[in-house]
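The structure file data-v8.pdb is reproduced below (PDB, C-alpha atoms).
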ATOM      1  CA  MET G 102      39.240  69.756  42.527
ATOM      2  CA  ILE G 103      39.394  65.999  42.019
ATOM      3  CA  ARG G 104      38.157  64.683  38.712
ATOM      4  CA  ARG G 105      35.898  61.689  38.869
ATOM      5  CA  PRO G 106      36.622  58.887  36.377
ATOM      6  CA  PRO G 107      33.925  58.105  33.828
ATOM      7  CA  ARG G 108      30.995  56.090  35.161
ATOM      8  CA  SER G 109      30.854  53.770  32.178
ATOM      9  CA  THR G 110      33.232  51.800  30.072
ATOM     10  CA  LEU G 111      32.531  50.367  26.639
ATOM     11  CA  PHE G 112      33.420  46.747  26.149
ATOM     12  CA  PRO G 113      33.232  44.741  22.892
ATOM     13  CA  TYR G 114      31.423  41.433  23.208
ATOM     14  CA  THR G 115      30.117  38.917  20.719
ATOM     15  CA  THR G 116      26.466  38.247  20.062
ATOM     16  CA  LEU G 117      26.795  34.726  21.409
ATOM     17  CA  PHE G 118      27.273  35.970  24.963
ATOM     18  CA  ARG G 119      24.529  38.598  25.134
ATOM     19  CA  SER G 120      22.001  36.396  26.884
ATOM     20  CA  LEU G 121      24.604  35.009  29.261
ATOM     21  CA  LEU G 122      25.777  38.358  30.596
ATOM     22  CA  ALA G 123      22.970  39.168  32.978
ATOM     23  CA  LYS G 124      22.803  35.597  34.275
ATOM     24  CA  THR G 125      26.482  34.905  34.766
ATOM     25  CA  VAL G 126      28.301  38.153  35.417
ATOM     26  CA  LEU G 127      26.288  39.204  38.438
ATOM     27  CA  ASN G 128      25.855  35.845  40.145
ATOM     28  CA  ARG G 129      26.650  35.491  43.855
ATOM     29  CA  ALA G 130      30.166  34.096  43.450
ATOM     30  CA  ASN G 131      31.123  36.825  40.997
ATOM     31  CA  LEU G 132      29.668  39.526  43.232
ATOM     32  CA  GLU G 133      31.802  38.250  46.125
ATOM     33  CA  GLN G 134      34.866  38.296  43.849
ATOM     34  CA  ILE G 135      34.070  41.841  42.705
ATOM     35  CA  ALA G 136      33.633  43.016  46.312
ATOM     36  CA  TYR G 137      36.834  41.330  47.475
ATOM     37  CA  LYS G 138      39.037  42.477  44.580
ATOM     38  CA  SER G 139      37.582  45.990  44.605
ATOM     39  CA  ASN G 140      38.534  46.421  48.279
ATOM     40  CA  LEU G 141      34.961  46.877  49.444
ATOM     41  CA  ASP G 142      35.447  46.297  53.152
ATOM     42  CA  MET G 143      33.714  43.013  53.965
ATOM     43  CA  GLY G 144      36.129  41.940  56.705
ATOM     44  CA  GLY G 145      34.274  43.090  59.833
ATOM     45  CA  LEU G 146      30.743  42.643  58.521
ATOM     46  CA  SER G 147      28.204  40.174  59.822
ATOM     47  CA  LYS G 148      26.623  37.679  57.471
ATOM     48  CA  ALA G 149      23.535  39.875  57.110
ATOM     49  CA  GLN G 150      25.653  42.952  56.413
ATOM     50  CA  LYS G 151      27.675  41.058  53.777
ATOM     51  CA  GLU G 152      24.429  39.947  52.127
ATOM     52  CA  GLY G 153      23.214  43.549  52.172
ATOM     53  CA  LEU G 154      26.468  44.770  50.620
ATOM     54  CA  LEU G 155      26.320  42.122  47.887
ATOM     55  CA  ASP G 156      22.665  42.951  47.162
ATOM     56  CA  LEU G 157      23.527  46.650  46.956
ATOM     57  CA  LEU G 158      26.451  45.844  44.670
ATOM     58  CA  ALA G 159      24.191  43.749  42.415
ATOM     59  CA  ARG G 160      21.655  46.595  42.201
ATOM     60  CA  SER G 161      24.383  49.193  41.607
ATOM     61  CA  ILE G 162      26.118  47.496  38.687
ATOM     62  CA  HIS G 163      24.320  47.979  35.389
ATOM     63  CA  ILE G 164      25.309  46.273  32.164
ATOM     64  CA  THR G 165      23.481  47.476  29.072
ATOM     65  CA  ASP G 166      23.806  46.695  25.397
ATOM     66  CA  ALA G 167      25.226  49.650  23.472
ATOM     67  CA  GLY G 168      24.757  47.914  20.096
ATOM     68  CA  GLN G 169      27.268  46.425  17.709
ATOM     69  CA  ASP G 170      28.529  44.023  20.361
ATOM     70  CA  LEU G 171      29.420  46.812  22.792
ATOM     71  CA  TYR G 172      28.275  46.982  26.386
ATOM     72  CA  VAL G 173      28.136  49.762  28.914
ATOM     73  CA  VAL G 174      29.176  48.846  32.452
ATOM     74  CA  GLU G 175      27.991  51.401  34.994
ATOM     75  CA  TYR G 176      28.678  51.660  38.710
ATOM     76  CA  SER G 177      28.453  54.616  41.104
ATOM     77  CA  ASN G 178      30.473  55.171  44.255
ATOM     78  CA  PRO G 179      31.869  58.297  45.886
ATOM     79  CA  LYS G 180      35.398  56.862  45.602
ATOM     80  CA  PRO G 181      36.747  56.952  42.009
ATOM     81  CA  ALA G 182      39.252  54.166  42.758
ATOM     82  CA  VAL G 183      36.410  51.862  43.853
ATOM     83  CA  VAL G 184      34.399  52.683  40.691
ATOM     84  CA  LYS G 185      37.398  51.846  38.537
ATOM     85  CA  ALA G 186      38.120  48.634  40.480
ATOM     86  CA  VAL G 187      34.495  47.412  40.324
ATOM     87  CA  VAL G 188      34.159  48.102  36.591
ATOM     88  CA  GLN G 189      37.542  46.475  35.958
ATOM     89  CA  GLU G 190      36.495  43.341  37.876
ATOM     90  CA  VAL G 191      33.217  43.166  35.926
ATOM     91  CA  LEU G 192      35.230  43.399  32.695
ATOM     92  CA  ASN G 193      37.641  40.719  33.930
ATOM     93  CA  ILE G 194      34.730  38.398  34.706
ATOM     94  CA  MET G 195      33.155  39.093  31.309
ATOM     95  CA  MET G 196      36.424  38.314  29.558
ATOM     96  CA  ALA G 197      36.976  35.156  31.603
ATOM     97  CA  ASP G 198      33.437  34.011  30.746
ATOM     98  CA  ALA G 199      34.055  34.804  27.070
ATOM     99  CA  VAL G 200      37.267  32.809  27.015
ATOM    100  CA  GLY G 201      35.653  29.906  28.871
ATOM    101  CA  THR G 202      32.610  29.858  26.604
ATOM    102  CA  THR G 203      34.803  30.171  23.537
ATOM    103  CA  ALA G 204      36.881  27.234  24.744
ATOM    104  CA  LYS G 205      33.716  25.190  25.340
ATOM    105  CA  SER G 206      32.451  26.164  21.879
ATOM    106  CA  SER G 207      35.786  25.155  20.390
ATOM    107  CA  ILE G 208      35.631  21.783  22.142
ATOM    108  CA  SER G 209      32.072  21.248  20.902
ATOM    109  CA  ALA G 210      33.091  22.234  17.390
ATOM    110  CA  GLN G 211      36.078  19.879  17.555
ATOM    111  CA  LYS G 212      33.839  16.999  18.688
ATOM    112  CA  PHE G 213      31.408  17.737  15.859
ATOM    113  CA  LEU G 214      34.219  17.857  13.301
ATOM    114  CA  ASN G 215      35.703  14.597  14.609
ATOM    115  CA  THR G 216      32.288  12.947  14.299
ATOM    116  CA  GLN G 217      31.921  14.244  10.750
ATOM    117  CA  VAL G 218      35.437  13.051   9.834
ATOM    118  CA  ARG G 219      34.654   9.556  11.177
ATOM    119  CA  LYS G 220      31.331   9.524   9.328
ATOM    120  CA  TYR G 221      32.887  10.516   5.999
ATOM    121  CA  SER G 222      35.843   8.222   6.576
ATOM    122  CA  ASN G 223      33.403   5.326   6.928
ATOM    123  CA  LYS G 224      31.608   6.432   3.758
ATOM    124  CA  LEU G 225      34.937   6.685   1.937
ATOM    125  CA  ASN G 226      35.979   3.211   3.104
ATOM    126  CA  GLY G 227      32.649   1.819   1.910
ATOM    127  CA  ALA G 228      33.019   3.523  -1.465
ATOM    128  CA  GLU G 229      36.596   2.255  -1.821
ATOM    129  CA  GLN G 230      35.451  -1.295  -1.028
ATOM    130  CA  ALA G 231      32.616  -1.009  -3.575
ATOM    131  CA  LEU G 232      35.089   0.265  -6.179
ATOM    132  CA  ALA G 233      37.495  -2.605  -5.468
ATOM    133  CA  LYS G 234      34.631  -5.114  -5.796
ATOM    134  CA  PHE G 235      33.513  -3.515  -9.062
ATOM    135  CA  LYS G 236      37.049  -3.690 -10.440
ATOM    136  CA  ARG G 237      37.337  -7.365  -9.461
ATOM    137  CA  GLU G 238      34.024  -8.187 -11.115
ATOM    138  CA  ASN G 239      34.689  -6.149 -14.265
ATOM    139  CA  ILE G 240      38.448  -6.572 -14.678
ATOM    140  CA  GLY G 241      38.142  -7.426 -18.363
ATOM    141  CA  TYR G 242      36.185  -4.293 -19.166
ATOM    142  CA  LEU G 243      38.339  -1.786 -17.341
ATOM    143  CA  PRO G 244      41.216   0.080 -18.949
ATOM    144  CA  ALA G 245      44.603  -1.467 -18.361
ATOM    145  CA  GLU G 246      47.544   0.406 -16.992
ATOM    146  CA  ASN G 247      49.071   0.502 -20.459
ATOM    147  CA  GLY G 248      46.025   1.833 -22.320
ATOM    148  CA  ASN G 249      42.715   3.548 -22.006
ATOM    149  CA  TYR G 250      39.255   2.278 -22.871
ATOM    150  CA  PHE G 251      39.466   3.192 -26.560
ATOM    151  CA  THR G 252      42.837   1.527 -26.962
ATOM    152  CA  GLN G 253      41.476  -1.628 -25.366
ATOM    153  CA  LEU G 254      38.358  -1.443 -27.561
ATOM    154  CA  GLN G 255      40.499  -1.197 -30.683
ATOM    155  CA  VAL G 256      42.613  -4.171 -29.572
ATOM    156  CA  ALA G 257      39.463  -6.170 -28.787
ATOM    157  CA  ARG G 258      38.011  -5.377 -32.231
ATOM    158  CA  GLN G 259      41.266  -6.438 -33.898
ATOM    159  CA  ARG G 260      41.182  -9.697 -31.923
ATOM    160  CA  ARG G 261      37.560 -10.216 -32.918
ATOM    161  CA  ASP G 262      38.368  -9.543 -36.581
ATOM    162  CA  GLY G 263      41.273 -11.999 -36.358
ATOM    163  CA  LEU G 264      39.026 -14.637 -34.781
ATOM    164  CA  LEU G 265      36.361 -14.052 -37.449
ATOM    165  CA  ASP G 266      39.050 -14.564 -40.126
ATOM    166  CA  HIS G 267      40.113 -17.839 -38.456
ATOM    167  CA  LEU G 268      36.455 -18.868 -38.274
ATOM    168  CA  ALA G 269      35.956 -18.119 -41.967
ATOM    169  CA  ILE G 270      39.066 -20.137 -42.822
ATOM    170  CA  ALA G 271      37.903 -22.993 -40.583
ATOM    171  CA  ARG G 272      34.461 -22.977 -42.236
ATOM    172  CA  THR G 273      36.035 -22.998 -45.676
ATOM    173  CA  GLN G 274      38.265 -25.911 -44.655
ATOM    174  CA  TYR G 275      35.232 -27.700 -43.176
ATOM    175  CA  LYS G 276      33.264 -27.265 -46.359
ATOM    176  CA  ALA G 277      36.220 -28.479 -48.399
ATOM    177  CA  LEU G 278      36.698 -31.552 -46.193
ATOM    178  CA  LYS G 279      32.964 -32.270 -46.187
ATOM    179  CA  SER G 280      32.763 -32.092 -49.931
ATOM    180  CA  GLN G 281      35.775 -34.421 -50.198
ATOM    181  CA  THR G 282      34.204 -36.917 -47.809
ATOM    182  CA  ASP G 283      30.894 -36.678 -49.633
ATOM    183  CA  ARG G 284      32.665 -37.413 -52.954
ATOM    184  CA  LYS G 285      34.520 -40.371 -51.506
ATOM    185  CA  SER G 286      31.384 -41.824 -50.023
ATOM    186  CA  VAL G 287      29.522 -41.387 -53.312
ATOM    187  CA  GLY G 288      32.357 -42.579 -55.492
TER     188      GLY G 288
END
Show the structure stored in the file as structure tokens.
Amino acid sequence: MIRRPPRSTLFPYTTLFRSLLAKTVLNRANLEQIAYKSNLDMGGLSKAQKEGLLDLLARSIHITDAGQDLYVVEYSNPKPAVVKAVVQEVLNIMMADAVGTTAKSSISAQKFLNTQVRKYSNKLNGAEQALAKFKRENIGYLPAENGNYFTQLQVARQRRDGLLDHLAIARTQYKALKSQTDRKSVG
């Protein structure tokens, strides 16, 4: 007694491709590839017979969602080798589509990331230019390389105190000179 291989095979697949399966896996070109690679004899058939075979193949292959990103691929044929070959070709097409779509998604993601990098690079350049302008305009108020803000504030206060002392001395000298000139002009 010959054992028949299982009629279904589970196949993991991501959620992204669920809607694409029915539309892409069983299209005309893929059905021709499945028939050719599964050794379904299409060599001596007329155009109408080939169309009939492809239509029958399309109706005979069933892909259903088994949940958790698993799919059931079903196909019936009296020859176990043909069943295995057809299911294998369907799986090959599904994997090729997954790789192609993943590559397209990767390219789209790369383009998006490049756009974002350019956008933030422009923002960074603008911010750096604004910072450079601010530093140029406020050079006297910014901390020097040799001290922080508080050190500079203390130095500025000491300079101010020194200048106030010079001013007080200058005022005292002015008053003294004025009083001398007033005495000379009176006397």
- request: Run the PyMOL selection byres ((chain G and resi 136) around 12) mentally over the shown coordinates, then write out the matched residues as a VMD selection string, using the chain letters and numbers from the document.
  value: chain G and resid 127 129 to 135 137 to 144 151 to 159 162 183 to 184 186 to 191
message: Just to confirm, what's the straight-line distance from CA of Lys212 (chain G) to CA of Thr125 (chain G) in Å (one decimal)?
response: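 Here the two named atoms are 25.2 Å from each other.
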task: Can you work out the spacing between CA of Arg260 (chain G) and CA of Lys276 (chain G) in Å, to one decimal?
output: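 Spanning CA of Arg260 (chain G) to CA of Lys276 (chain G) is a straight-line distance of 24.1 Å.
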message: If I take CA of Ile240 (chain G) and CA of Gln253 (chain G), how far is one from the other in Å, to one decimal?
response: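 So the two atoms, CA of Ile240 (chain G) and CA of Gln253 (chain G), lie 12.2 Å apart.
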task: Determine the residue set returned by the PyMOL selection byres ((chain G and resi 164) around 7) for the present structure, and present it as number ranges by chain.
output: G: 162-163, 165-166, 172-175
Report, as JSON, the axis-aligned box around all atoms of region 179-182 of chain G present in the file, extended by 8 Å on each side; give centre and edge lengths in Å to one decimal place.
{"center_x": 35.6, "center_y": 56.2, "center_z": 43.9, "size_x": 23.4, "size_y": 20.1, "size_z": 19.9}
Could you write region 157-182 of chain G as a PDB file, in the frame of the given file, with N, CA and C atoms rebuilt where they are missing?
ATOM      1  N   LEU G 157      23.333  45.269  47.405  1.00  0.00           N
ATOM      2  CA  LEU G 157      23.527  46.650  46.956  1.00  0.00           C
ATOM      3  C   LEU G 157      24.462  46.694  45.748  1.00  0.00           C
ATOM      4  N   LEU G 158      25.513  45.908  45.791  1.00  0.00           N
ATOM      5  CA  LEU G 158      26.451  45.844  44.670  1.00  0.00           C
ATOM      6  C   LEU G 158      25.737  45.339  43.409  1.00  0.00           C
ATOM      7  N   ALA G 159      24.925  44.297  43.560  1.00  0.00           N
ATOM      8  CA  ALA G 159      24.191  43.749  42.415  1.00  0.00           C
ATOM      9  C   ALA G 159      23.241  44.786  41.827  1.00  0.00           C
ATOM     10  N   ARG G 160      22.578  45.566  42.692  1.00  0.00           N
ATOM     11  CA  ARG G 160      21.655  46.595  42.201  1.00  0.00           C
ATOM     12  C   ARG G 160      22.386  47.793  41.618  1.00  0.00           C
ATOM     13  N   SER G 161      23.635  48.010  42.034  1.00  0.00           N
ATOM     14  CA  SER G 161      24.383  49.193  41.607  1.00  0.00           C
ATOM     15  C   SER G 161      25.133  48.997  40.291  1.00  0.00           C
ATOM     16  N   ILE G 162      25.401  47.769  39.944  1.00  0.00           N
ATOM     17  CA  ILE G 162      26.118  47.496  38.687  1.00  0.00           C
ATOM     18  C   ILE G 162      25.084  47.305  37.591  1.00  0.00           C
ATOM     19  N   HIS G 163      25.250  48.072  36.529  1.00  0.00           N
ATOM     20  CA  HIS G 163      24.320  47.979  35.389  1.00  0.00           C
ATOM     21  C   HIS G 163      25.119  47.683  34.123  1.00  0.00           C
ATOM     22  N   ILE G 164      24.685  46.637  33.433  1.00  0.00           N
ATOM     23  CA  ILE G 164      25.309  46.273  32.164  1.00  0.00           C
ATOM     24  C   ILE G 164      24.231  46.392  31.106  1.00  0.00           C
ATOM     25  N   THR G 165      24.467  47.274  30.138  1.00  0.00           N
ATOM     26  CA  THR G 165      23.481  47.476  29.072  1.00  0.00           C
ATOM     27  C   THR G 165      24.148  47.308  27.717  1.00  0.00           C
ATOM     28  N   ASP G 166      23.336  46.913  26.766  1.00  0.00           N
ATOM     29  CA  ASP G 166      23.806  46.695  25.397  1.00  0.00           C
ATOM     30  C   ASP G 166      23.876  48.046  24.686  1.00  0.00           C
ATOM     31  N   ALA G 167      25.047  48.390  24.182  1.00  0.00           N
ATOM     32  CA  ALA G 167      25.226  49.650  23.472  1.00  0.00           C
ATOM     33  C   ALA G 167      25.134  49.439  21.962  1.00  0.00           C
ATOM     34  N   GLY G 168      24.859  48.219  21.527  1.00  0.00           N
ATOM     35  CA  GLY G 168      24.757  47.914  20.096  1.00  0.00           C
ATOM     36  C   GLY G 168      26.105  47.541  19.522  1.00  0.00           C
ATOM     37  N   GLN G 169      26.061  46.860  18.425  1.00  0.00           N
ATOM     38  CA  GLN G 169      27.268  46.425  17.709  1.00  0.00           C
ATOM     39  C   GLN G 169      28.248  45.702  18.630  1.00  0.00           C
ATOM     40  N   ASP G 170      27.724  44.836  19.450  1.00  0.00           N
ATOM     41  CA  ASP G 170      28.529  44.023  20.361  1.00  0.00           C
ATOM     42  C   ASP G 170      29.349  44.856  21.347  1.00  0.00           C
ATOM     43  N   LEU G 171      28.804  45.977  21.760  1.00  0.00           N
ATOM     44  CA  LEU G 171      29.420  46.812  22.792  1.00  0.00           C
ATOM     45  C   LEU G 171      28.476  46.877  23.981  1.00  0.00           C
ATOM     46  N   TYR G 172      29.066  46.919  25.170  1.00  0.00           N
ATOM     47  CA  TYR G 172      28.275  46.982  26.386  1.00  0.00           C
ATOM     48  C   TYR G 172      28.746  48.143  27.236  1.00  0.00           C
ATOM     49  N   VAL G 173      27.823  48.688  27.980  1.00  0.00           N
ATOM     50  CA  VAL G 173      28.136  49.762  28.914  1.00  0.00           C
ATOM     51  C   VAL G 173      28.053  49.163  30.314  1.00  0.00           C
ATOM     52  N   VAL G 174      29.140  49.311  31.061  1.00  0.00           N
ATOM     53  CA  VAL G 174      29.176  48.846  32.452  1.00  0.00           C
ATOM     54  C   VAL G 174      29.162  50.104  33.317  1.00  0.00           C
ATOM     55  N   GLU G 175      28.134  50.215  34.150  1.00  0.00           N
ATOM     56  CA  GLU G 175      27.991  51.401  34.994  1.00  0.00           C
ATOM     57  C   GLU G 175      27.995  51.006  36.467  1.00  0.00           C
ATOM     58  N   TYR G 176      28.664  51.846  37.256  1.00  0.00           N
ATOM     59  CA  TYR G 176      28.678  51.660  38.710  1.00  0.00           C
ATOM     60  C   TYR G 176      28.955  53.018  39.335  1.00  0.00           C
ATOM     61  N   SER G 177      28.259  53.327  40.416  1.00  0.00           N
ATOM     62  CA  SER G 177      28.453  54.616  41.104  1.00  0.00           C
ATOM     63  C   SER G 177      28.955  54.380  42.517  1.00  0.00           C
ATOM     64  N   ASN G 178      29.923  55.201  42.906  1.00  0.00           N
ATOM     65  CA  ASN G 178      30.473  55.171  44.255  1.00  0.00           C
ATOM     66  C   ASN G 178      31.198  56.490  44.451  1.00  0.00           C
ATOM     67  N   PRO G 179      31.184  57.020  45.663  1.00  0.00           N
ATOM     68  CA  PRO G 179      31.869  58.297  45.886  1.00  0.00           C
ATOM     69  C   PRO G 179      33.384  58.222  45.688  1.00  0.00           C
ATOM     70  N   LYS G 180      33.954  57.014  45.753  1.00  0.00           N
ATOM     71  CA  LYS G 180      35.398  56.862  45.602  1.00  0.00           C
ATOM     72  C   LYS G 180      35.724  56.428  44.163  1.00  0.00           C
ATOM     73  N   PRO G 181      36.412  57.286  43.403  1.00  0.00           N
ATOM     74  CA  PRO G 181      36.747  56.952  42.009  1.00  0.00           C
ATOM     75  C   PRO G 181      37.552  55.659  41.877  1.00  0.00           C
ATOM     76  N   ALA G 182      38.438  55.381  42.827  1.00  0.00           N
ATOM     77  CA  ALA G 182      39.252  54.166  42.758  1.00  0.00           C
ATOM     78  C   ALA G 182      38.377  52.923  42.869  1.00  0.00           C
TER      79      ALA G 182
END
